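Novice: One file is attached below, input-v5.tsv, containing TSV, C-alpha atoms.
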chain	number	residue	atom	x	y	z
A	1	MET	CA	0.00	0.00	0.00
A	2	GLU	CA	2.70	2.47	1.06
A	3	THR	CA	4.92	1.57	-1.90
A	4	ASP	CA	1.92	1.86	-4.22
A	5	ARG	CA	1.38	5.38	-3.09
A	6	LYS	CA	5.05	6.29	-3.48
A	7	ALA	CA	5.23	4.71	-6.90
A	8	ARG	CA	2.33	6.79	-8.21
A	9	SER	CA	3.54	9.95	-9.81
A	10	VAL	CA	2.40	13.26	-8.36
A	11	ARG	CA	-0.40	14.82	-10.34
A	12	PRO	CA	-1.64	18.42	-10.33
A	13	GLY	CA	-4.21	18.85	-7.56
A	14	ASP	CA	-2.55	16.27	-5.31
A	15	TRP	CA	-1.63	18.99	-2.83
A	16	ILE	CA	-5.20	19.26	-1.58
A	17	THR	CA	-5.54	15.54	-0.94
A	18	TYR	CA	-4.46	13.45	1.98
A	19	ARG	CA	-5.88	10.23	0.59
A	20	GLY	CA	-7.34	11.53	-2.60
A	21	GLY	CA	-10.24	10.55	-4.76
A	22	LEU	CA	-13.99	10.82	-4.43
A	23	GLY	CA	-13.97	9.43	-0.86
A	24	MET	CA	-11.88	12.26	0.48
A	25	LEU	CA	-13.85	14.87	-1.46
A	26	MET	CA	-17.13	13.60	0.07
A	27	TRP	CA	-15.52	13.50	3.53
A	28	ALA	CA	-14.24	17.07	3.22
A	29	LEU	CA	-17.56	18.38	1.85
A	30	HIS	CA	-19.47	16.62	4.62
A	31	ARG	CA	-17.31	18.38	7.19
A	32	VAL	CA	-17.33	21.82	5.58
A	33	THR	CA	-21.10	21.77	4.91
A	34	GLY	CA	-21.73	20.57	8.48
A	35	VAL	CA	-19.80	23.48	9.98
A	36	GLY	CA	-21.46	25.89	7.55
A	37	ILE	CA	-24.97	24.73	8.47
A	38	LEU	CA	-24.13	24.99	12.19
A	39	LEU	CA	-22.92	28.58	11.71
A	40	PHE	CA	-26.17	29.45	9.90
A	41	LEU	CA	-28.20	27.66	12.59
A	42	ILE	CA	-26.55	29.81	15.28
A	43	LEU	CA	-27.33	32.97	13.28
A	44	HIS	CA	-30.89	31.75	12.71
A	45	ILE	CA	-31.52	31.07	16.42
A	46	VAL	CA	-30.25	34.57	17.22
A	47	ASP	CA	-32.46	36.23	14.57
A	48	ILE	CA	-35.55	34.32	15.69
A	49	PHE	CA	-34.75	35.18	19.32
A	50	LEU	CA	-34.92	38.87	18.31
A	51	LEU	CA	-38.67	38.36	17.67
A	52	SER	CA	-39.04	38.84	21.43
A	53	PHE	CA	-38.18	42.52	21.01
A	54	GLY	CA	-41.15	43.23	18.77
A	55	PRO	CA	-41.86	43.79	15.06
A	56	ASP	CA	-39.90	47.04	14.56
A	57	LEU	CA	-36.45	45.67	15.33
A	58	PHE	CA	-37.12	42.36	13.54
A	59	ASN	CA	-38.45	43.92	10.33
A	60	GLU	CA	-35.62	46.45	10.30
A	61	LEU	CA	-32.99	43.73	10.56
A	62	LEU	CA	-34.65	41.79	7.73
A	63	VAL	CA	-32.90	44.12	5.25
A	64	ILE	CA	-29.97	41.75	5.79
A	65	TYR	CA	-31.89	38.69	4.53
A	66	HIS	CA	-33.65	40.74	1.84
A	67	ALA	CA	-30.38	42.06	0.36
A	68	PRO	CA	-29.27	40.75	-3.06
A	69	TRP	CA	-26.12	39.07	-1.70
A	70	ALA	CA	-28.31	37.13	0.73
A	71	ARG	CA	-29.75	35.31	-2.34
A	72	VAL	CA	-26.24	34.03	-3.06
A	73	MET	CA	-25.77	32.93	0.57
A	74	GLU	CA	-29.14	31.18	0.27
A	75	VAL	CA	-27.78	29.09	-2.60
A	76	PHE	CA	-24.78	28.12	-0.43
A	77	LEU	CA	-27.22	27.09	2.31
A	78	LEU	CA	-29.24	24.97	-0.13
A	79	PHE	CA	-26.02	23.36	-1.39
A	80	ALA	CA	-24.87	22.59	2.17
A	81	VAL	CA	-28.19	21.24	3.47
A	82	LEU	CA	-28.87	19.05	0.41
A	83	PHE	CA	-25.33	17.68	0.27
A	84	HIS	CA	-25.05	17.04	4.01
A	85	ALA	CA	-28.50	15.40	4.10
A	86	LEU	CA	-27.92	13.07	1.15
A	87	ASN	CA	-24.33	12.21	2.05
A	88	GLY	CA	-25.34	11.61	5.66
A	89	LEU	CA	-28.14	9.31	4.51
A	90	ARG	CA	-25.62	7.35	2.43
A	91	ILE	CA	-23.28	7.03	5.43
A	92	ALA	CA	-26.17	5.79	7.62
A	93	ILE	CA	-27.24	3.26	4.96
A	94	GLN	CA	-23.67	1.94	4.67
A	95	ASP	CA	-23.34	1.76	8.45
A	96	PHE	CA	-26.52	-0.27	8.98
A	97	TRP	CA	-26.32	-2.47	5.84
A	98	PRO	CA	-22.66	-3.47	5.66
A	99	GLY	CA	-23.17	-4.96	2.19
A	100	ALA	CA	-23.69	-1.44	0.90
A	101	TRP	CA	-19.93	-0.78	1.34
A	102	LEU	CA	-19.33	-3.03	-1.66
A	103	VAL	CA	-21.32	-0.69	-3.90
A	104	GLU	CA	-20.12	2.53	-2.26
A	105	ARG	CA	-19.06	4.13	-5.53
A	106	LYS	CA	-22.45	3.44	-7.10
A	107	LEU	CA	-24.19	4.93	-4.05
A	108	VAL	CA	-22.01	8.04	-4.27
A	109	ILE	CA	-22.83	8.49	-7.96
A	110	MET	CA	-26.55	7.98	-7.21
A	111	GLU	CA	-26.31	10.51	-4.39
A	112	LEU	CA	-24.64	13.09	-6.64
A	113	VAL	CA	-27.28	12.61	-9.35
A	114	ILE	CA	-30.14	13.18	-6.85
A	115	PHE	CA	-28.23	16.16	-5.43
A	116	THR	CA	-27.84	17.75	-8.87
A	117	ILE	CA	-31.51	17.17	-9.80
A	118	LEU	CA	-32.62	19.00	-6.62
A	119	PHE	CA	-29.89	21.64	-6.44
A	120	ILE	CA	-29.90	23.10	-9.96
A	121	PRO	CA	-33.61	24.06	-10.14
A	122	GLY	CA	-33.54	25.16	-6.49
A	123	ALA	CA	-30.55	27.43	-7.05
A	124	TRP	CA	-32.25	28.86	-10.14
A	125	LEU	CA	-35.40	29.66	-8.14
A	126	MET	CA	-33.31	31.38	-5.46
A	127	LEU	CA	-31.24	33.47	-7.88
A	128	ARG	CA	-34.15	34.38	-10.17
A	129	PRO	CA	-34.96	37.63	-8.24
A	130	LEU	CA	-31.43	38.87	-9.01
A	131	PHE	CA	-32.23	38.72	-12.72
A	132	GLY	CA	-35.56	40.51	-12.33
A	133	GLY	CA	-37.59	37.27	-12.22
B	1	MET	CA	-12.93	9.18	19.25
B	2	PRO	CA	-13.73	6.33	16.91
B	3	GLU	CA	-11.82	6.09	13.67
B	4	ARG	CA	-13.16	8.34	10.94
B	5	ARG	CA	-14.07	7.08	7.52
B	6	ARG	CA	-13.64	8.01	3.90
B	7	GLY	CA	-16.75	9.79	2.66
B	8	GLY	CA	-17.61	11.19	6.11
B	9	GLY	CA	-18.73	9.79	9.44
B	10	HIS	CA	-16.97	7.51	11.87
B	11	ARG	CA	-16.73	3.79	12.48
B	12	ARG	CA	-19.19	2.54	15.10
B	13	PRO	CA	-17.47	2.71	18.52
B	14	GLY	CA	-16.58	-0.80	19.69
B	15	SER	CA	-17.48	-0.42	23.34
B	16	ALA	CA	-20.90	0.52	24.68
B	17	GLY	CA	-21.30	3.87	26.40
B	18	PHE	CA	-21.72	7.55	25.62
B	19	GLU	CA	-19.75	7.51	22.37
B	20	ARG	CA	-21.78	4.59	21.02
B	21	TYR	CA	-25.04	6.40	21.88
B	22	ALA	CA	-23.70	9.56	20.24
B	23	TRP	CA	-22.85	7.55	17.10
B	24	PHE	CA	-26.38	6.13	16.94
B	25	PHE	CA	-27.89	9.52	17.65
B	26	MET	CA	-26.04	11.14	14.73
B	27	ARG	CA	-27.49	8.59	12.30
B	28	LEU	CA	-30.99	8.62	13.77
B	29	SER	CA	-31.24	12.42	14.05
B	30	GLY	CA	-29.67	12.73	10.60
B	31	VAL	CA	-32.53	10.77	9.05
B	32	VAL	CA	-35.09	12.74	11.13
B	33	LEU	CA	-33.50	16.02	9.98
B	34	LEU	CA	-33.57	14.85	6.38
B	35	GLY	CA	-37.34	15.22	6.77
B	36	LEU	CA	-37.62	18.13	9.24
B	37	ALA	CA	-34.86	20.43	7.98
B	38	VAL	CA	-35.21	19.80	4.24
B	39	PHE	CA	-39.00	20.31	4.42
B	40	HIS	CA	-38.47	23.49	6.47
B	41	LEU	CA	-35.97	24.83	3.94
B	42	PHE	CA	-38.15	24.00	0.91
B	43	TRP	CA	-41.25	25.45	2.59
B	44	MET	CA	-39.67	28.74	3.72
B	45	HIS	CA	-37.52	29.30	0.63
B	46	PHE	CA	-39.64	27.94	-2.24
B	47	HIS	CA	-43.25	28.02	-0.99
B	48	ILE	CA	-43.09	31.31	0.95
B	49	GLY	CA	-39.84	32.85	-0.26
B	50	VAL	CA	-37.29	34.69	1.90
B	51	GLY	CA	-38.24	38.05	0.32
B	52	ASP	CA	-41.81	37.67	1.63
B	53	ILE	CA	-40.92	36.70	5.21
B	54	ASP	CA	-41.44	39.31	7.92
B	55	PHE	CA	-42.64	39.56	11.53
B	56	GLN	CA	-46.24	38.88	10.49
B	57	THR	CA	-45.22	35.62	8.77
B	58	VAL	CA	-44.01	34.28	12.10
B	59	VAL	CA	-47.11	35.56	13.93
B	60	ASN	CA	-49.34	33.63	11.49
B	61	ARG	CA	-47.17	30.53	11.66
B	62	TRP	CA	-47.02	30.42	15.45
B	63	ASN	CA	-50.78	30.93	15.79
B	64	ASN	CA	-50.84	27.19	15.30
B	65	PRO	CA	-49.24	25.39	18.27
B	66	LEU	CA	-48.33	22.47	15.99
B	67	TRP	CA	-45.91	24.71	14.09
B	68	ARG	CA	-44.34	25.71	17.42
B	69	LEU	CA	-43.92	22.03	18.20
B	70	TYR	CA	-42.45	21.41	14.74
B	71	ASP	CA	-40.01	24.30	15.17
B	72	PHE	CA	-39.02	23.08	18.60
B	73	ALA	CA	-38.34	19.57	17.26
B	74	LEU	CA	-36.26	21.11	14.48
B	75	LEU	CA	-34.34	23.23	16.98
B	76	ALA	CA	-33.70	20.30	19.32
B	77	PHE	CA	-32.58	17.83	16.63
B	78	ALA	CA	-30.58	20.29	14.52
B	79	LEU	CA	-28.77	21.96	17.40
B	80	THR	CA	-27.95	18.68	19.16
B	81	HIS	CA	-26.77	17.09	15.90
B	82	GLY	CA	-24.70	20.14	14.99
B	83	MET	CA	-23.13	20.65	18.41
B	84	ASN	CA	-22.24	16.96	18.69
B	85	GLY	CA	-20.67	17.17	15.24
B	86	LEU	CA	-18.65	20.17	16.39
B	87	ARG	CA	-17.61	18.24	19.51
B	88	SER	CA	-16.21	15.29	17.52
B	89	LEU	CA	-14.49	17.67	15.10
B	90	LEU	CA	-12.76	19.60	17.90
B	91	ASP	CA	-11.85	16.29	19.54
B	92	GLU	CA	-9.93	15.37	16.40
B	93	TYR	CA	-8.12	18.64	15.87
B	94	LEU	CA	-7.20	19.55	19.46
B	95	ARG	CA	-4.34	17.63	21.04
B	96	LYS	CA	-3.63	19.31	24.38
B	97	PRO	CA	-5.87	18.00	27.21
B	98	ALA	CA	-6.39	21.57	28.47
B	99	SER	CA	-7.62	22.86	25.12
B	100	ARG	CA	-9.85	19.80	24.66
B	101	MET	CA	-11.38	20.43	28.06
B	102	ALA	CA	-11.89	24.14	27.31
B	103	ALA	CA	-13.43	23.34	23.90
B	104	LYS	CA	-15.80	20.81	25.44
B	105	ALA	CA	-16.93	23.35	28.04
B	106	ALA	CA	-17.38	26.06	25.40
B	107	VAL	CA	-19.43	23.75	23.16
B	108	PHE	CA	-21.63	22.77	26.08
B	109	LEU	CA	-22.19	26.38	27.18
B	110	LEU	CA	-23.00	27.48	23.64
B	111	TYR	CA	-25.36	24.51	23.23
B	112	PHE	CA	-27.14	25.35	26.50
B	113	ALA	CA	-27.42	29.08	25.71
B	114	LEU	CA	-28.74	28.61	22.15
B	115	ALA	CA	-31.16	25.83	23.14
B	116	SER	CA	-32.55	28.01	25.94
B	117	ALA	CA	-32.86	31.13	23.75
B	118	GLY	CA	-34.55	29.17	20.95
B	119	ALA	CA	-36.97	27.27	23.20
B	120	TYR	CA	-37.76	30.48	25.09
B	121	VAL	CA	-38.87	32.39	22.00
B	122	ILE	CA	-40.76	29.43	20.47
B	123	PHE	CA	-42.87	28.87	23.57
B	124	THR	CA	-43.28	32.41	25.00
B	125	PHE	CA	-43.76	34.41	21.79
B	126	GLN	CA	-47.02	36.34	21.67
B	127	ALA	CA	-48.28	38.51	18.82
B	128	PRO	CA	-48.31	42.18	19.91
B	129	GLY	CA	-51.79	43.24	20.99
B	130	ALA	CA	-52.97	39.62	21.23
Would you mind writing the structure in this file as C-alpha cells?
Specialist:
Amino acid sequence: METDRKARSVRPGDWITYRGGLGMLMWALHRVTGVGILLFLILHIVDIFLLSFGPDLFNELLVIYHAPWARVMEVFLLFAVLFHALNGLRIAIQDFWPGAWLVERKLVIMELVIFTILFIPGAWLMLRPLFGG
Amino acid sequence: MPERRRGGGHRRPGSAGFERYAWFFMRLSGVVLLGLAVFHLFWMHFHIGVGDIDFQTVVNRWNNPLWRLYDFALLAFALTHGMNGLRSLLDEYLRKPASRMAAKAAVFLLYFALASAGAYVIFTFQAPGA
C-alpha cells in the first residue's frame, strides 16, 4: 500500500488531498457543509430570538436577509443542506447495511445525481430575483 | 474518538457507552433532519420565499401550536446534531488535554445558551396586541 502510493507519480491537484479521490472529497464536503450549516443555525436562532423585542427591530434587521447578496448565501445554504442530508443518509445506509460498502461508488454516484436534480432548479429559483424574475 | 471514515462519518465505537449512543444519535437524528430540515428549507424558501418573510409571517405561523412544536423539534434535533458534530471535530483537531477540556466546556455552554434562547422564544412568543 505504502509503496503503491510512493510509486504513483504526483499529479496536479494532489496537494489538496491526503488520501485523494472521491472518498476524500465527500468526507471534506461533509465536514465543511456541516460546519457551515451549524454557523447558519446559530445565526438563525439569534435572529428568531430577536422576535421577542417586537416587530420594529425584527423587520428592520430583515434588510440583511432581503439584500441581493443574501440570495447568493441562500444558494450556499441549499447546497450545504442538500449535500449534508444526502451524504449523511448514504453514510447511515452503509453503516446499517454493511453490504452497501461493496457498492459505495455506485451509491455516491446515485447521491450526486439526486443532489444535482434537486440543487440546480432550487438554485435557479433562489437566484431568479437577481435577474428581475 | 472512533476512527473516521472516507466519505464522512466515523466507524461505530466498539465499546458501549456515551460515544456509542452519540454515534447512533447522529445517524438517527440525521434521518429525522432529512425530513424536518429539508422540508423546512423548501417550505420557507420555495413556498413562501425569503423576500416575503417578515414579523407577520411568524405571527401567522405560530398561531398554530403544531408549528411551534415542529419548530421546537427542528431546533432540538438540529442543534444537538450540529453541536455533537462540532464536539467530535474539535476532539480530532485539538491535542492538548487543556484545550480539549476548554473546547468541550465552550461547546456545552454554547449549546445550552442557544437551546434556551430558541426554546424560550418558540414557547413564549405572543403577537403584539394579542
Novice: Taking all atoms listed in the file into account, report as number ranges by chain which residues of chain B lie within 7 Å of chain A.
Specialist: B: 6-9, 27, 30-31, 34, 51, 54-55, 82, 114, 117-118, 121, 125
Novice: If you measure from atom CA of B:Asp71 to atom CA of B:Gly85, what distance in Å do you get, rounded to one decimal?
Specialist: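 Pair atom CA of B:Asp71 / atom CA of B:Gly85 returns 20.6 Å.
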Novice: Go ahead and compute the interatomic distance for atom CA of B:Leu89 and atom CA of A:Gly99, in Å to one decimal.
Specialist: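 Distance between the two atoms: 27.5 Å.
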Novice: Any idea what the distance is between atom CA of B:Met26 and atom CA of B:His81?
Specialist: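 That distance, rounded to one decimal, is 6.1 Å.
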Novice: From the options B:Ile53, B:Leu90, B:Val38, B:Met83, which residue's atoms come nearest to B:Ala102, counting all atoms listed in the file?
Specialist: B:Leu90
Novice: Within 10 Å of B:His10, counting all atoms listed in the file, which residues qualify if same-chain residues fewer than 4 places away don't, as a list in words?
Specialist: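 Returned residues: Ile91 and Asp95 of chain A; Met1, Pro2, Glu3, Arg4, Arg5, Arg6, Trp23 and Ser88 of chain B.
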Novice: Near B:Ala106, within 12 Å and counting all atoms listed in the file, which residues show up once chain neighbours fewer than 6 positions away are dropped, as a list in words?
Specialist: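 The filter keeps Met83, Leu86, Arg87, Leu90, Ser99, Arg100, Phe112 and Ala113 of chain B.
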Novice: Leaving out B:Thr80 and any residue of its chain fewer than 3 positions from it, which residues lie within 9 Å of it when counting only C-alpha atoms, given as a PyMOL selection string?
Specialist: chain B and resi 26+29+75-77+83-85+111+115
Novice: Go ahead and save the picked residues with C-alpha atoms, as a PDB file, in the coordinates of the input.
Specialist:
ATOM      1  CA  MET B  26     -26.040  11.140  14.730  1.00  0.00           C
ATOM      2  CA  SER B  29     -31.240  12.420  14.050  1.00  0.00           C
ATOM      3  CA  LEU B  75     -34.340  23.230  16.980  1.00  0.00           C
ATOM      4  CA  ALA B  76     -33.700  20.300  19.320  1.00  0.00           C
ATOM      5  CA  PHE B  77     -32.580  17.830  16.630  1.00  0.00           C
ATOM      6  CA  MET B  83     -23.130  20.650  18.410  1.00  0.00           C
ATOM      7  CA  ASN B  84     -22.240  16.960  18.690  1.00  0.00           C
ATOM      8  CA  GLY B  85     -20.670  17.170  15.240  1.00  0.00           C
ATOM      9  CA  TYR B 111     -25.360  24.510  23.230  1.00  0.00           C
ATOM     10  CA  ALA B 115     -31.160  25.830  23.140  1.00  0.00           C
TER      11      ALA B 115
END
Novice: Which of these, B:Leu94, B:Ala16, B:Ala103, B:Val59, has the shortest distance to B:Gly129 once you count all atoms listed in the file?
Specialist: B:Val59
Novice: Write out as a list in words each polymer residue whose atoms come within 9 Å of B:Leu69, counting all atoms listed in the file; drop sequence neighbours fewer than 5 positions from it.
Specialist: Leu74, Ile122 and Phe123 of chain B
